[in-house]
Every structure is written in C-alpha cells, then in structure tokens.
$ cat final.cif   # mmCIF, C-alpha atoms and all ligand atoms
data_structure
loop_
_atom_site.label_atom_id
_atom_site.label_comp_id
_atom_site.auth_asym_id
_atom_site.auth_seq_id
_atom_site.Cartn_x
_atom_site.Cartn_y
_atom_site.Cartn_z
CA ALA A 8 -88.84 -34.35 44.57
CA ALA A 9 -89.49 -31.12 42.64
CA ALA A 10 -87.62 -32.58 39.68
CA GLU A 11 -89.73 -35.72 39.82
CA LYS A 12 -92.77 -33.52 39.55
CA GLY A 13 -91.39 -31.95 36.39
CA GLY A 14 -91.80 -28.41 37.68
CA TYR A 15 -95.38 -28.90 38.89
CA ASP A 16 -96.38 -28.52 42.54
CA THR A 17 -98.01 -31.93 42.72
CA PHE A 18 -97.94 -35.23 40.90
CA MET A 19 -101.61 -34.90 40.19
CA GLU A 20 -101.12 -31.61 38.37
CA LYS A 21 -98.29 -33.15 36.40
CA GLU A 22 -100.38 -36.19 35.54
CA ILE A 23 -103.37 -34.10 34.46
CA ASN A 24 -101.04 -32.27 32.12
CA GLU A 25 -99.67 -35.53 30.76
CA GLN A 26 -103.10 -36.62 29.55
CA PRO A 27 -102.65 -35.67 25.89
CA GLN A 28 -99.64 -37.95 25.80
CA ALA A 29 -101.37 -40.72 27.76
CA VAL A 30 -104.13 -40.85 25.15
CA GLY A 31 -101.74 -40.47 22.21
CA ASP A 32 -99.39 -43.18 23.44
CA THR A 33 -102.26 -45.56 24.10
CA LEU A 34 -103.36 -45.19 20.47
CA LEU A 35 -99.85 -45.68 19.17
CA GLY A 36 -99.02 -48.86 17.29
CA ARG A 37 -102.57 -50.15 17.31
CA THR A 38 -103.29 -49.59 13.63
CA ASP A 39 -101.57 -50.93 10.52
CA GLU A 40 -100.46 -48.93 7.45
CA SER A 41 -103.98 -49.04 6.02
CA GLY A 42 -105.39 -47.52 9.22
CA ALA A 43 -107.10 -50.77 10.23
CA LEU A 44 -106.93 -51.78 13.88
CA SER A 45 -104.35 -54.42 14.55
CA LEU A 46 -104.03 -55.98 18.01
CA ASP A 47 -101.70 -58.94 17.45
CA GLU A 48 -100.45 -58.25 20.96
CA LEU A 49 -103.60 -59.92 22.29
CA ARG A 50 -102.46 -63.31 20.99
CA ILE A 51 -106.00 -64.67 21.11
CA PRO A 52 -107.13 -66.51 17.96
CA GLU A 53 -109.51 -64.31 15.97
CA GLU A 54 -112.12 -67.09 15.81
CA LYS A 55 -112.33 -67.05 19.58
CA LEU A 56 -112.93 -63.33 19.65
CA ARG A 57 -115.50 -63.61 16.87
CA GLN A 58 -117.48 -66.06 18.99
CA VAL A 59 -117.82 -63.70 21.92
CA ASP A 60 -121.51 -63.07 22.58
CA ARG A 61 -121.33 -61.23 25.89
CA ILE A 62 -118.82 -58.91 27.55
CA THR A 63 -118.50 -58.20 31.24
CA ILE A 64 -116.19 -55.45 32.42
CA VAL A 65 -114.86 -55.77 35.97
CA ALA A 66 -113.07 -52.93 37.78
CA CYS A 67 -113.13 -50.72 40.87
CA GLY A 68 -113.22 -47.00 41.48
CA THR A 69 -112.25 -44.75 38.62
CA ALA A 70 -111.47 -47.76 36.42
CA ALA A 71 -115.11 -48.87 36.80
CA TYR A 72 -116.24 -45.50 35.46
CA ALA A 73 -113.96 -46.02 32.46
CA GLY A 74 -115.81 -49.32 32.06
CA MET A 75 -119.16 -47.55 32.13
CA VAL A 76 -118.04 -45.23 29.34
CA ALA A 77 -116.82 -48.28 27.43
CA LYS A 78 -120.19 -49.99 27.69
CA TYR A 79 -121.91 -47.31 25.60
CA ALA A 80 -119.19 -47.33 22.96
CA ILE A 81 -118.60 -51.08 22.68
CA GLU A 82 -122.30 -51.93 22.53
CA HIS A 83 -122.88 -49.30 19.86
CA TRP A 84 -119.99 -50.44 17.71
CA THR A 85 -120.19 -54.22 18.15
CA ARG A 86 -123.82 -54.89 19.15
CA ILE A 87 -122.44 -57.30 21.78
CA PRO A 88 -124.18 -56.87 25.15
CA VAL A 89 -121.79 -55.33 27.68
CA GLU A 90 -122.28 -55.35 31.41
CA VAL A 91 -120.15 -53.48 33.93
CA ALA A 92 -119.67 -55.10 37.33
CA LEU A 93 -117.86 -53.68 40.30
CA ALA A 94 -115.16 -56.30 40.73
CA HIS A 95 -115.97 -56.88 44.40
CA GLU A 96 -119.62 -57.59 43.56
CA PHE A 97 -118.97 -59.79 40.53
CA ARG A 98 -118.38 -63.10 42.32
CA TYR A 99 -121.37 -62.65 44.55
CA CYS A 100 -123.99 -62.09 41.87
CA ASP A 101 -123.83 -65.62 40.44
CA PRO A 102 -122.48 -64.17 37.19
CA ILE A 103 -123.65 -65.58 33.87
CA VAL A 104 -120.37 -66.52 32.23
CA ASP A 105 -119.28 -69.21 29.78
CA GLU A 106 -116.58 -69.76 27.15
CA ARG A 107 -118.21 -67.22 24.84
CA THR A 108 -118.07 -64.53 27.51
CA LEU A 109 -115.26 -62.01 27.34
CA VAL A 110 -114.37 -60.62 30.74
CA VAL A 111 -112.41 -57.38 30.43
CA SER A 112 -110.74 -56.18 33.61
CA ILE A 113 -109.56 -52.59 33.91
CA SER A 114 -106.89 -51.70 36.44
CA GLN A 115 -104.18 -49.05 36.52
CA SER A 116 -102.00 -50.93 39.01
CA GLY A 117 -102.82 -54.47 37.97
CA GLU A 118 -102.72 -55.34 41.67
CA THR A 119 -106.20 -54.47 42.94
CA MET A 120 -107.20 -57.58 44.87
CA ASP A 121 -110.93 -57.23 44.22
CA THR A 122 -110.31 -57.06 40.49
CA LEU A 123 -107.82 -59.91 40.55
CA MET A 124 -110.28 -62.18 42.35
CA ALA A 125 -112.99 -61.32 39.82
CA VAL A 126 -110.65 -62.25 36.96
CA LYS A 127 -109.74 -65.56 38.58
CA HIS A 128 -113.40 -66.34 39.15
CA ALA A 129 -114.19 -65.54 35.52
CA ARG A 130 -111.41 -67.83 34.36
CA ASP A 131 -112.64 -70.63 36.57
CA LEU A 132 -116.01 -70.27 34.88
CA GLY A 133 -114.35 -70.64 31.47
CA ALA A 134 -114.46 -67.01 30.28
CA LEU A 135 -111.92 -65.46 27.98
CA THR A 136 -110.12 -62.76 29.98
CA ILE A 137 -108.46 -59.57 28.76
CA SER A 138 -106.74 -57.18 31.12
CA ILE A 139 -106.54 -53.47 30.36
CA CYS A 140 -103.69 -52.41 32.56
CA ASN A 141 -101.10 -49.67 32.98
CA THR A 142 -98.40 -51.61 34.82
CA HIS A 143 -96.15 -54.05 33.00
CA GLY A 144 -95.53 -57.34 34.74
CA SER A 145 -98.27 -56.82 37.32
CA THR A 146 -100.46 -59.62 38.62
CA ILE A 147 -103.77 -59.11 36.81
CA PRO A 148 -102.26 -59.25 33.28
CA ARG A 149 -100.33 -62.37 34.32
CA GLU A 150 -103.53 -64.04 35.44
CA SER A 151 -105.40 -63.10 32.25
CA ASP A 152 -105.46 -64.70 28.80
CA ALA A 153 -104.38 -61.45 27.20
CA VAL A 154 -103.44 -57.89 27.98
CA LEU A 155 -103.93 -54.57 26.28
CA TYR A 156 -101.62 -52.11 28.01
CA THR A 157 -102.53 -48.49 28.53
CA HIS A 158 -99.48 -46.31 27.99
CA ALA A 159 -100.10 -43.56 30.51
CA GLY A 160 -96.70 -43.93 32.17
CA PRO A 161 -96.36 -44.30 35.94
CA GLU A 162 -99.19 -42.69 37.90
CA ILE A 163 -98.06 -41.55 41.34
CA ALA A 164 -100.94 -39.43 42.69
CA VAL A 165 -103.40 -41.66 44.52
CA ALA A 166 -106.42 -40.32 42.64
CA SER A 167 -106.38 -41.52 39.07
CA THR A 168 -106.39 -39.03 36.18
CA LYS A 169 -104.23 -39.85 33.16
CA ALA A 170 -104.73 -43.60 33.67
CA PHE A 171 -108.50 -43.01 33.44
CA LEU A 172 -108.19 -41.33 30.05
CA ALA A 173 -105.84 -44.05 28.86
CA GLN A 174 -108.28 -46.74 30.05
CA ILE A 175 -111.16 -45.18 28.14
CA THR A 176 -108.92 -44.93 25.07
CA ALA A 177 -107.89 -48.59 25.31
CA CYS A 178 -111.55 -49.60 25.63
CA TYR A 179 -112.40 -47.67 22.47
CA VAL A 180 -109.54 -49.41 20.67
CA LEU A 181 -110.74 -52.81 21.85
CA GLY A 182 -114.34 -52.04 20.89
CA LEU A 183 -113.38 -50.85 17.42
CA TYR A 184 -111.16 -53.89 16.94
CA LEU A 185 -113.99 -56.25 17.87
CA ALA A 186 -116.33 -54.35 15.54
CA GLN A 187 -113.81 -54.70 12.72
CA LEU A 188 -113.36 -58.45 13.40
CA ARG A 189 -117.05 -59.13 13.39
CA GLY A 190 -117.92 -56.99 10.40
CA GLY A 191 -121.39 -55.53 10.76
CA VAL A 192 -122.75 -52.04 10.60
CA HIS A 193 -120.01 -50.15 12.35
CA ALA A 194 -116.95 -51.97 11.04
CA ASP A 195 -116.51 -49.50 8.16
CA ASN A 196 -116.72 -46.69 10.61
CA ALA A 197 -113.76 -47.83 12.70
CA GLY A 198 -111.21 -45.91 10.64
CA GLN A 199 -113.26 -42.75 10.92
CA VAL A 200 -113.52 -43.05 14.71
CA MET A 201 -109.80 -43.77 14.95
CA SER A 202 -108.95 -40.62 13.06
CA GLU A 203 -111.20 -38.63 15.38
CA LEU A 204 -109.47 -40.28 18.33
CA HIS A 205 -106.10 -39.20 16.99
CA GLU A 206 -107.28 -35.60 17.16
CA VAL A 207 -108.21 -35.88 20.83
CA PRO A 208 -104.73 -35.38 22.38
CA GLY A 209 -104.42 -31.99 20.65
CA LYS A 210 -107.87 -31.05 21.89
CA ILE A 211 -107.06 -32.02 25.49
CA ASP A 212 -103.94 -29.92 25.22
CA GLN A 213 -105.96 -26.96 23.98
CA LEU A 214 -108.46 -27.49 26.80
CA LEU A 215 -105.73 -27.60 29.46
CA HIS A 216 -104.71 -24.11 28.39
CA THR A 217 -108.15 -22.70 29.19
CA MET A 218 -108.58 -23.86 32.79
CA GLY A 219 -108.06 -20.45 34.43
CA ARG A 220 -111.72 -19.81 35.10
CA VAL A 221 -112.28 -23.37 36.43
CA ARG A 222 -109.47 -22.80 38.93
CA GLU A 223 -110.99 -19.49 39.97
CA ILE A 224 -114.41 -21.07 40.48
CA ALA A 225 -112.82 -23.82 42.58
CA ARG A 226 -111.00 -21.34 44.80
CA PHE A 227 -114.22 -19.40 45.43
CA MET A 228 -115.88 -22.64 46.44
CA ALA A 229 -113.43 -23.74 49.13
CA ASP A 230 -116.18 -23.63 51.80
CA THR A 231 -118.77 -25.50 49.77
CA ARG A 232 -120.30 -28.49 51.56
CA SER A 233 -121.99 -30.32 48.71
CA VAL A 234 -121.68 -30.43 44.94
CA LEU A 235 -123.88 -32.37 42.53
CA PHE A 236 -122.91 -33.61 39.08
CA LEU A 237 -125.31 -34.46 36.26
CA GLY A 238 -124.64 -36.20 32.99
CA ARG A 239 -126.38 -38.37 30.49
CA GLN A 240 -125.28 -41.27 28.30
CA VAL A 241 -121.45 -41.22 28.35
CA GLY A 242 -121.70 -38.03 30.39
CA PHE A 243 -123.26 -40.04 33.24
CA PRO A 244 -120.05 -41.88 34.22
CA VAL A 245 -118.19 -38.59 33.76
CA ALA A 246 -120.53 -37.02 36.33
CA MET A 247 -119.84 -39.89 38.73
CA GLU A 248 -116.10 -39.56 38.19
CA GLY A 249 -116.30 -35.80 38.81
CA ALA A 250 -118.07 -36.51 42.10
CA LEU A 251 -115.57 -39.20 43.06
CA LYS A 252 -112.62 -36.86 42.44
CA LEU A 253 -114.17 -34.25 44.71
CA LYS A 254 -114.80 -36.76 47.51
CA GLU A 255 -111.31 -38.20 47.23
CA LEU A 256 -109.39 -34.96 47.00
CA ALA A 257 -111.43 -32.30 48.75
CA TYR A 258 -113.50 -34.39 51.20
CA ILE A 259 -116.65 -32.68 50.01
CA HIS A 260 -119.94 -34.50 49.76
CA ALA A 261 -120.54 -35.00 46.08
CA GLU A 262 -122.88 -37.14 44.03
CA GLY A 263 -123.19 -37.87 40.36
CA PHE A 264 -126.58 -38.54 38.80
CA ALA A 265 -127.98 -39.47 35.44
CA ALA A 266 -129.66 -36.23 34.39
CA GLY A 267 -132.84 -38.08 33.40
CA GLU A 268 -133.13 -39.43 36.94
CA LEU A 269 -133.30 -35.92 38.38
CA LYS A 270 -137.07 -35.67 38.29
CA HIS A 271 -137.37 -39.10 39.96
CA GLY A 272 -135.79 -37.95 43.20
CA PRO A 273 -132.57 -35.97 43.29
CA ILE A 274 -134.28 -32.73 42.25
CA ALA A 275 -135.53 -32.56 45.84
CA LEU A 276 -131.93 -31.77 46.82
CA ILE A 277 -131.91 -28.57 44.80
CA GLU A 278 -132.14 -25.47 46.95
CA PRO A 279 -131.00 -21.93 46.30
CA GLY A 280 -127.24 -21.76 45.85
CA GLN A 281 -126.67 -25.50 45.43
CA PRO A 282 -123.77 -25.88 42.98
CA VAL A 283 -124.45 -28.37 40.19
CA PHE A 284 -122.09 -29.32 37.40
CA ILE A 285 -123.84 -30.43 34.23
CA VAL A 286 -121.99 -32.35 31.53
CA VAL A 287 -123.83 -31.42 28.35
CA PRO A 288 -123.77 -33.81 25.37
CA GLY A 289 -122.72 -32.28 22.07
CA PRO A 290 -125.56 -30.74 20.03
CA ASP A 291 -125.14 -33.54 17.43
CA THR A 292 -125.78 -36.37 19.92
CA PRO A 293 -128.56 -38.59 18.52
CA HIS A 294 -132.14 -38.64 19.79
CA GLY A 295 -132.26 -35.01 20.85
CA LEU A 296 -130.31 -35.71 24.03
CA HIS A 297 -128.70 -32.29 24.02
CA GLY A 298 -132.05 -30.53 24.24
CA LYS A 299 -133.16 -32.76 27.07
CA VAL A 300 -130.11 -31.93 29.16
CA VAL A 301 -130.57 -28.23 28.43
CA SER A 302 -134.12 -28.58 29.86
CA ASN A 303 -132.64 -30.21 32.95
CA ILE A 304 -130.37 -27.21 33.43
CA GLN A 305 -133.35 -24.91 33.04
CA GLU A 306 -135.33 -26.88 35.65
CA ILE A 307 -132.67 -26.79 38.33
CA ARG A 308 -131.81 -23.17 37.62
CA ALA A 309 -135.45 -22.25 38.13
CA ARG A 310 -135.13 -23.79 41.61
CA GLY A 311 -132.10 -21.70 42.44
CA ALA A 312 -129.24 -24.08 41.62
CA ARG A 313 -125.91 -22.54 40.70
CA THR A 314 -125.31 -24.14 37.31
CA LEU A 315 -121.76 -24.90 36.25
CA VAL A 316 -122.15 -26.08 32.69
CA ILE A 317 -119.61 -28.06 30.70
CA ALA A 318 -120.53 -27.65 27.05
CA GLU A 319 -118.96 -27.77 23.62
CA GLU A 320 -117.60 -24.69 21.96
CA GLY A 321 -120.35 -23.07 19.94
CA ASP A 322 -123.17 -24.57 22.00
CA GLU A 323 -125.12 -21.37 22.64
CA ALA A 324 -128.31 -23.08 23.84
CA VAL A 325 -126.88 -23.52 27.34
CA VAL A 326 -125.95 -19.88 27.85
CA PRO A 327 -129.27 -18.49 29.15
CA PHE A 328 -129.38 -21.09 31.95
CA ALA A 329 -125.73 -21.22 32.95
CA ASP A 330 -124.09 -19.36 35.80
CA GLU A 331 -120.79 -20.48 34.33
CA VAL A 332 -120.02 -22.10 30.99
CA ILE A 333 -116.89 -24.20 30.76
CA ARG A 334 -116.07 -24.88 27.12
CA VAL A 335 -114.63 -28.09 25.67
CA PRO A 336 -113.63 -28.63 22.03
CA HIS A 337 -116.04 -30.49 19.76
CA THR A 338 -115.66 -34.21 19.24
CA SER A 339 -118.05 -37.02 18.34
CA PRO A 340 -120.54 -37.86 21.10
CA LEU A 341 -119.05 -41.17 22.28
CA LEU A 342 -115.54 -39.70 22.59
CA GLN A 343 -116.63 -36.70 24.65
CA PRO A 344 -115.61 -38.11 28.09
CA LEU A 345 -111.93 -37.72 27.15
CA LEU A 346 -112.56 -33.98 27.17
CA THR A 347 -115.42 -33.32 29.58
CA VAL A 348 -113.76 -35.02 32.55
CA VAL A 349 -110.69 -32.77 32.38
CA PRO A 350 -112.27 -29.62 33.89
CA LEU A 351 -113.73 -31.78 36.66
CA GLN A 352 -110.28 -33.12 37.52
CA VAL A 353 -108.83 -29.62 37.55
CA PHE A 354 -111.74 -28.40 39.69
CA ALA A 355 -111.14 -31.10 42.34
CA LEU A 356 -107.38 -30.51 42.29
CA GLU A 357 -107.77 -26.78 42.76
CA LEU A 358 -110.41 -27.03 45.44
CA SER A 359 -108.30 -29.49 47.40
CA THR A 360 -105.32 -27.17 47.10
CA ALA A 361 -107.42 -24.20 48.20
CA LYS A 362 -108.37 -26.15 51.33
CA GLY A 363 -104.70 -26.79 52.03
CA LEU A 364 -105.02 -30.57 51.59
CA ASP A 365 -102.49 -33.08 50.32
CA VAL A 366 -103.74 -33.67 46.76
CA ASP A 367 -101.35 -36.49 45.99
CA GLN A 368 -102.07 -38.45 49.14
CA PRO A 369 -105.61 -37.97 50.36
CA ARG A 370 -106.47 -39.34 53.77
CA ASN A 371 -107.59 -42.97 54.15
CA LEU A 372 -106.86 -43.91 50.52
CA ALA A 373 -104.24 -46.15 48.96
CA LYS A 374 -103.06 -46.04 45.36
CA SER A 375 -103.59 -49.72 45.01
CA VAL A 376 -105.78 -51.71 47.36
CA THR A 377 -104.21 -55.15 47.65
CA VAL A 378 -106.63 -56.56 50.18
CA GLU A 379 -110.24 -57.63 49.67
C1 LIG A 401 -107.94 -47.33 44.54
C2 LIG A 401 -107.55 -45.94 44.11
C3 LIG A 401 -108.48 -45.45 43.00
C4 LIG A 401 -108.50 -46.46 41.86
C5 LIG A 401 -108.90 -47.85 42.35
C6 LIG A 401 -108.69 -48.92 41.28
O1 LIG A 401 -109.14 -47.31 45.27
O2 LIG A 401 -107.59 -45.04 45.19
O3 LIG A 401 -108.00 -44.21 42.49
O4 LIG A 401 -109.40 -46.03 40.87
O5 LIG A 401 -108.09 -48.23 43.45
O6 LIG A 401 -107.32 -49.06 41.08
P1 LIG A 401 -106.70 -49.83 39.85
O7 LIG A 401 -105.22 -49.83 40.09
O8 LIG A 401 -107.28 -51.23 39.88
O9 LIG A 401 -107.09 -49.11 38.62
#
$ encode --input "final.cif" --output "structure tokens"
Amino acid sequence: AAAEKGGYDTFMEKEINEQPQAVGDTLLGRTDESGALSLDELRIPEEKLRQVDRITIVACGTAAYAGMVAKYAIEHWTRIPVEVALAHEFRYCDPIVDERTLVVSISQSGETMDTLMAVKHARDLGALTISICNTHGSTIPRESDAVLYTHAGPEIAVASTKAFLAQITACYVLGLYLAQLRGGVHADNAGQVMSELHEVPGKIDQLLHTMGRVREIARFMADTRSVLFLGRQVGFPVAMEGALKLKELAYIHAEGFAAGELKHGPIALIEPGQPVFIVVPGPDTPHGLHGKVVSNIQEIRARGARTLVIAEEGDEAVVPFADEVIRVPHTSPLLQPLLTVVPLQVFALELSTAKGLDVDQPRNLAKSVTVE
C-alpha cells in the first residue's frame, strides 16, 4: 500500500502533489501548432456548437464548485449565459432547455447517479450534452453526446483534489474553445489565456513547496470548532470548496460565503478569535474588487476575527489586517482558483491528520454516490 501511495502517507497527500501534472495533462493536446484550441475529440459539428445560446452546468459536490468557477470564465469569454445547477435539483426546477442549450456535466467518477439522471433528463429535453469526466468508459460520458476528459489520473482519496483542478482546467479549455468558435471580443485573447494556463502547473508546484506554515497553522487549530471562508467572484466557489474540504475531512463546522454578503448577515457570526480564511482577488482584478475584499478583512478583524489571508505575492495591502498571510503566485484573475484552493486543501488535510482521522476515507462518505 505504501508503494501505491508513492511514498506519501495518504492518497490525498499524493493527489494534492500530483496537481501540477493533473492540470498540465488536461491542457495537453488541446491546441494545434498555431496555438489555437482544437477539440476534434468532441465530434460535435461546429455549427451546432455555434448555435448554443445557453449553457447549464450540472454536477454535485466539489465538481459543482468547479462549475461555479467555470460560470465566471465561460460567460466572460463567450458572452453565453451560464447557469450552474446541482444535478439533483436540476430535474425538479422545470429547467429551461432546448436544442440550443448545451448541458455540461462535470463528474470525476462518471458514475454519480444524480448527475447521470440530470444528463438523461437534459437529453430527453433535446439539449446537447457534453461530459467533463475523469474516468474512461464510465456511464455519464457514454450517455452524453460528447466527452472532454480530464487527465488527472485515478483519484483514490474520497475527497476530491486533483480532479477538481483538472475539472476547472477542462472548463477553461471548453470556454476558450467556444469563444474561438464564435469569434467575438475574447476570441483573440484565447491564445494569451492558454499561455497563462500553461504556466499554472509550475506555479502550483512552487506553491506546494511553501506549505510549511499552512501545515503549522492547521496543527495549532486541531481543537477549532468552526471556520469561515470568504471569497468573491471566482474566489467565492473557492471559499465554498475550502469549507467543504474541512467538513469532509476534519468534521469541523465550516461555511463559505461571498465576501460581499458578509454585511448582510454572516458578520453577526464574527466574535473574538473566530478563524476566517479570506481568498483575496489579485490586485489587478477589474472593478476594484481587491480593495473591497481588503475592506472586508479590515471589518472582520476590527471585530476580533483571526484573519487567515490567501493573497498574491507582492500584495502588501492585506498585511496590516492579516494575522497570517498565505502567499500564492500571481496569475490572471479568472485563473486564480487553480492556485488559491491549494492551501485550503493542505489545511484540511493537515487538520484532519492532526485530529487522528482517516483522511482518505472520511466517515459517512463514498467516493462515488451511485444512488439518488
Ligand atoms: C461524492 C464525493 C465528492 C464528489 C462528489 C461528486 O459526494 O464524496 O468528493 O465531489 O461525489 O463526484 P463525481 O464523481 O461526480 O465528481
């Protein structure tokens, strides 16, 4: 078993460390010599994809958070409206779907029953269906019109890590491809974004080498009863994923919020000593978002929160209000989740370990839920 874990104590640790490769491999072979995106593997006529006027992403758990990240990116690049539906809710909300709707399912296993049923329902309604999946030959890709595989390799730990990064990567690829097909404002930009994406695996690798302090913080927090996570724009799903990891692995009450929502309720939860992770957008994020999140940190700090700040290298504005600053390398704003989620994964892993729990097989959970 030790050999299977490649020298790591747990599969999850191994899989977290395989993330640079998961992202790199998922990008591989998806561009032609000129650097243009090329997804012949989809085998859907281009005219059909050009006609798409609405996208619905269906998924569960971590995969649904990948979908939420994708919404921001795909809408920005394609100007096609994107909705994210939890797969188990999709059928029951009388979904608005027709032949010009693209339903994208995201599933590591390809066997999640809730997601499968959503895909079948979408097909019955005439939608075009694409599966983003990590498992060759699994059911959801078979039941879909097309598949875009993530190349994360087998994921054994129940809580998803490398598959999540690969799912986000595949969504970016799909979004850029659709943008390129449809022309429009961001089509020319696709090559630029792709080259930034190609730099991400190296940056994740660099980041993984600086997790010592995160591990230390986690070990000190083994008795913590509640942790909050704040993020904004693409940082919002990252906050939710950070909270989910902590629930799954360490059985600690955790909640992720949109930072802007804080003043509309959750700020009442802040009392002295309450640990709060804040995912800070890069300083170059449009519309002054960075400054707004820095103000949020200031507000909760003034009320006694213990602020654990995830911010880009060189972002000095956060320093006066941070109890801890966890640095991530710079990348463009929409790609940031591929970096900012990593310390949150490591935090949950380490905290779970410090509590003596089984990180790879948390209680009550299954890797793939094949019942509705
Ligand atoms: C289960 C797992 C989660 C996973 C979800 C979706 O609940 O415990 O980690 O995110 O299923 O799985 P899928 O295979 O469809 O991505």
$ residues_around --input "final.cif" --residues "range 31-43 of chain A" --least-positions-apart "2" --cutoff "10 Å" --atoms "all atoms listed in the file" --output "PyMOL selection string"
chain A and resi 26-29+45-48+141+155-160+172-177+179-181+183-184+187+194-195+197-199+201-202+204-209
$ closest_residue --input "final.cif" --among "A:Ala373, A:Ala361, A:Ile87, A:Ile64" --to "Ala225 in chain A" --atoms "only C-alpha atoms"
A:Ala361
$ residues_near_ligand --input "final.cif" --ligand "ligand LIG 401 (chain A)" --cutoff "7 Å" --atoms "all atoms listed in the file" --output "list in words"
Ala66, Cys67, Gly68, Thr69, Ala70, Ile113, Ser114, Gln115, Ser116, Gly117, Glu118, Thr119, Thr122, Val165, Ala166, Ser167, Leu372, Ala373, Lys374, Ser375 and Val376 of chain A
$ write_last_selection --input "final.cif" --atoms "C-alpha atoms" --output "compact mmCIF listing (two decimals), keeping the file's coordinate frame"
# COMPACT_ATOMS: atom_id res chain seq x y z
CA ALA A 66 -113.07 -52.93 37.78
CA CYS A 67 -113.13 -50.72 40.87
CA GLY A 68 -113.22 -47.00 41.48
CA THR A 69 -112.25 -44.75 38.62
CA ALA A 70 -111.47 -47.76 36.42
CA ILE A 113 -109.56 -52.59 33.91
CA SER A 114 -106.89 -51.70 36.44
CA GLN A 115 -104.18 -49.05 36.52
CA SER A 116 -102.00 -50.93 39.01
CA GLY A 117 -102.82 -54.47 37.97
CA GLU A 118 -102.72 -55.34 41.67
CA THR A 119 -106.20 -54.47 42.94
CA THR A 122 -110.31 -57.06 40.49
CA VAL A 165 -103.40 -41.66 44.52
CA ALA A 166 -106.42 -40.32 42.64
CA SER A 167 -106.38 -41.52 39.07
CA LEU A 372 -106.86 -43.91 50.52
CA ALA A 373 -104.24 -46.15 48.96
CA LYS A 374 -103.06 -46.04 45.36
CA SER A 375 -103.59 -49.72 45.01
CA VAL A 376 -105.78 -51.71 47.36
$ residues_around --input "final.cif" --residues "Leu56 in chain A" --least-positions-apart "4" --cutoff "10 Å" --atoms "all atoms listed in the file" --output "PyMOL selection string"
chain A and resi 51-52+60+107-109+135+184-185+188-189
$ closest_residue --input "final.cif" --among "A:Phe354, A:Gly13, A:Val335, A:Val76" --to "Gln213 in chain A" --atoms "all atoms listed in the file"
A:Val335
$ residues_near_point --input "final.cif" --point "(-121.9, -38.6, 40.1)" --cutoff "6 Å" --atoms "all atoms listed in the file" --output "count of residues only"
7
$ closest_atom_pairs --input "final.cif" --of "range 121-239 of chain A" --to "range 301-325 of chain A" --cutoff "10 Å" --atoms "all atoms listed in the file" --output "Markdown table"
| residue | atom | partner | partner_atom | distance |
| --- | --- | --- | --- | --- |
| A:Val221 | CA | A:Leu315 | CA | 9.6 |
| A:Ile224 | CA | A:Leu315 | CA | 9.3 |
| A:Val234 | CA | A:Arg313 | CA | 9.9 |
| A:Leu235 | CA | A:Thr314 | CA | 9.9 |
| A:Phe236 | CA | A:Leu315 | CA | 9.2 |
| A:Leu237 | CA | A:Asn303 | CA | 9.1 |
| A:Gly238 | CA | A:Ile317 | CA | 9.8 |
$ atom_distance --input "final.cif" --atom1 "CA of Ile211 in chain A" --atom2 "CA of Pro369 in chain A"
25.6 Å
$ closest_residue --input "final.cif" --among "A:Glu20, A:Asp131, A:Glu162, A:Glu248" --to "Ala73 in chain A" --atoms "only C-alpha atoms"
A:Glu248
$ residues_around --input "final.cif" --residues "Arg239 in chain A" --least-positions-apart "6" --cutoff "12 Å" --atoms "only C-alpha atoms" --output "MDAnalysis selection string"
chainID A and resid 75:76 79 245:247 263:269 285:289 292 295:301 303 340:341 343:344
$ residues_around --input "final.cif" --residues "Val110 in chain A" --least-positions-apart "6" --cutoff "7 Å" --atoms "all atoms listed in the file" --output "ChimeraX atom specification"
/A:62-64,129,134-137
$ closest_residue --input "final.cif" --among "A:Arg232, A:Arg50, A:His95, A:Lys210" --to "Val154 in chain A" --atoms "only C-alpha atoms"
A:Arg50
$ closest_residue --input "final.cif" --among "A:Phe171, A:Glu53, A:Val104, A:Val65" --to "Ala125 in chain A" --atoms "all atoms listed in the file"
A:Val65
$ atom_distance --input "final.cif" --atom1 "CA of Ala229 in chain A" --atom2 "CA of Leu345 in chain A"
26.1 Å
$ closest_residue --input "final.cif" --among "A:Lys362, A:His128, A:Arg61, A:Arg149" --to "Leu256 in chain A" --atoms "all atoms listed in the file"
A:Lys362
$ atom_distance --input "final.cif" --atom1 "CA of Leu276 in chain A" --atom2 "CA of Arg220 in chain A"
26.2 Å
$ build_atoms --input "final.cif" --residues "range 152-163 of chain A" --atoms "N, CA and C atoms" --output "CSV table (one decimal), in the coordinates of the input"
chain,number,residue,atom,x,y,z
A,152,ASP,N,-105.9,-64.1,30.1
A,152,ASP,CA,-105.5,-64.7,28.8
A,152,ASP,C,-104.7,-63.7,27.9
A,153,ALA,N,-105.0,-62.4,28.1
A,153,ALA,CA,-104.4,-61.4,27.2
A,153,ALA,C,-104.4,-60.1,27.9
A,154,VAL,N,-103.5,-59.2,27.4
A,154,VAL,CA,-103.4,-57.9,28.0
A,154,VAL,C,-103.3,-56.8,26.9
A,155,LEU,N,-104.0,-55.7,27.1
A,155,LEU,CA,-103.9,-54.6,26.3
A,155,LEU,C,-103.4,-53.5,27.2
A,156,TYR,N,-102.2,-53.1,27.1
A,156,TYR,CA,-101.6,-52.1,28.0
A,156,TYR,C,-102.1,-50.7,27.7
A,157,THR,N,-102.4,-49.9,28.7
A,157,THR,CA,-102.5,-48.5,28.5
A,157,THR,C,-101.1,-47.9,28.7
A,158,HIS,N,-100.8,-46.9,27.9
A,158,HIS,CA,-99.5,-46.3,28.0
A,158,HIS,C,-99.5,-44.9,28.6
A,159,ALA,N,-100.0,-44.9,29.8
A,159,ALA,CA,-100.1,-43.6,30.5
A,159,ALA,C,-98.8,-43.2,31.2
A,160,GLY,N,-97.9,-44.2,31.4
A,160,GLY,CA,-96.7,-43.9,32.2
A,160,GLY,C,-97.1,-44.1,33.6
A,161,PRO,N,-96.1,-44.1,34.5
A,161,PRO,CA,-96.4,-44.3,35.9
A,161,PRO,C,-97.3,-43.2,36.5
A,162,GLU,N,-98.3,-43.6,37.3
A,162,GLU,CA,-99.2,-42.7,37.9
A,162,GLU,C,-98.9,-42.7,39.4
A,163,ILE,N,-98.5,-41.6,39.9
A,163,ILE,CA,-98.1,-41.6,41.3
A,163,ILE,C,-99.2,-41.0,42.3
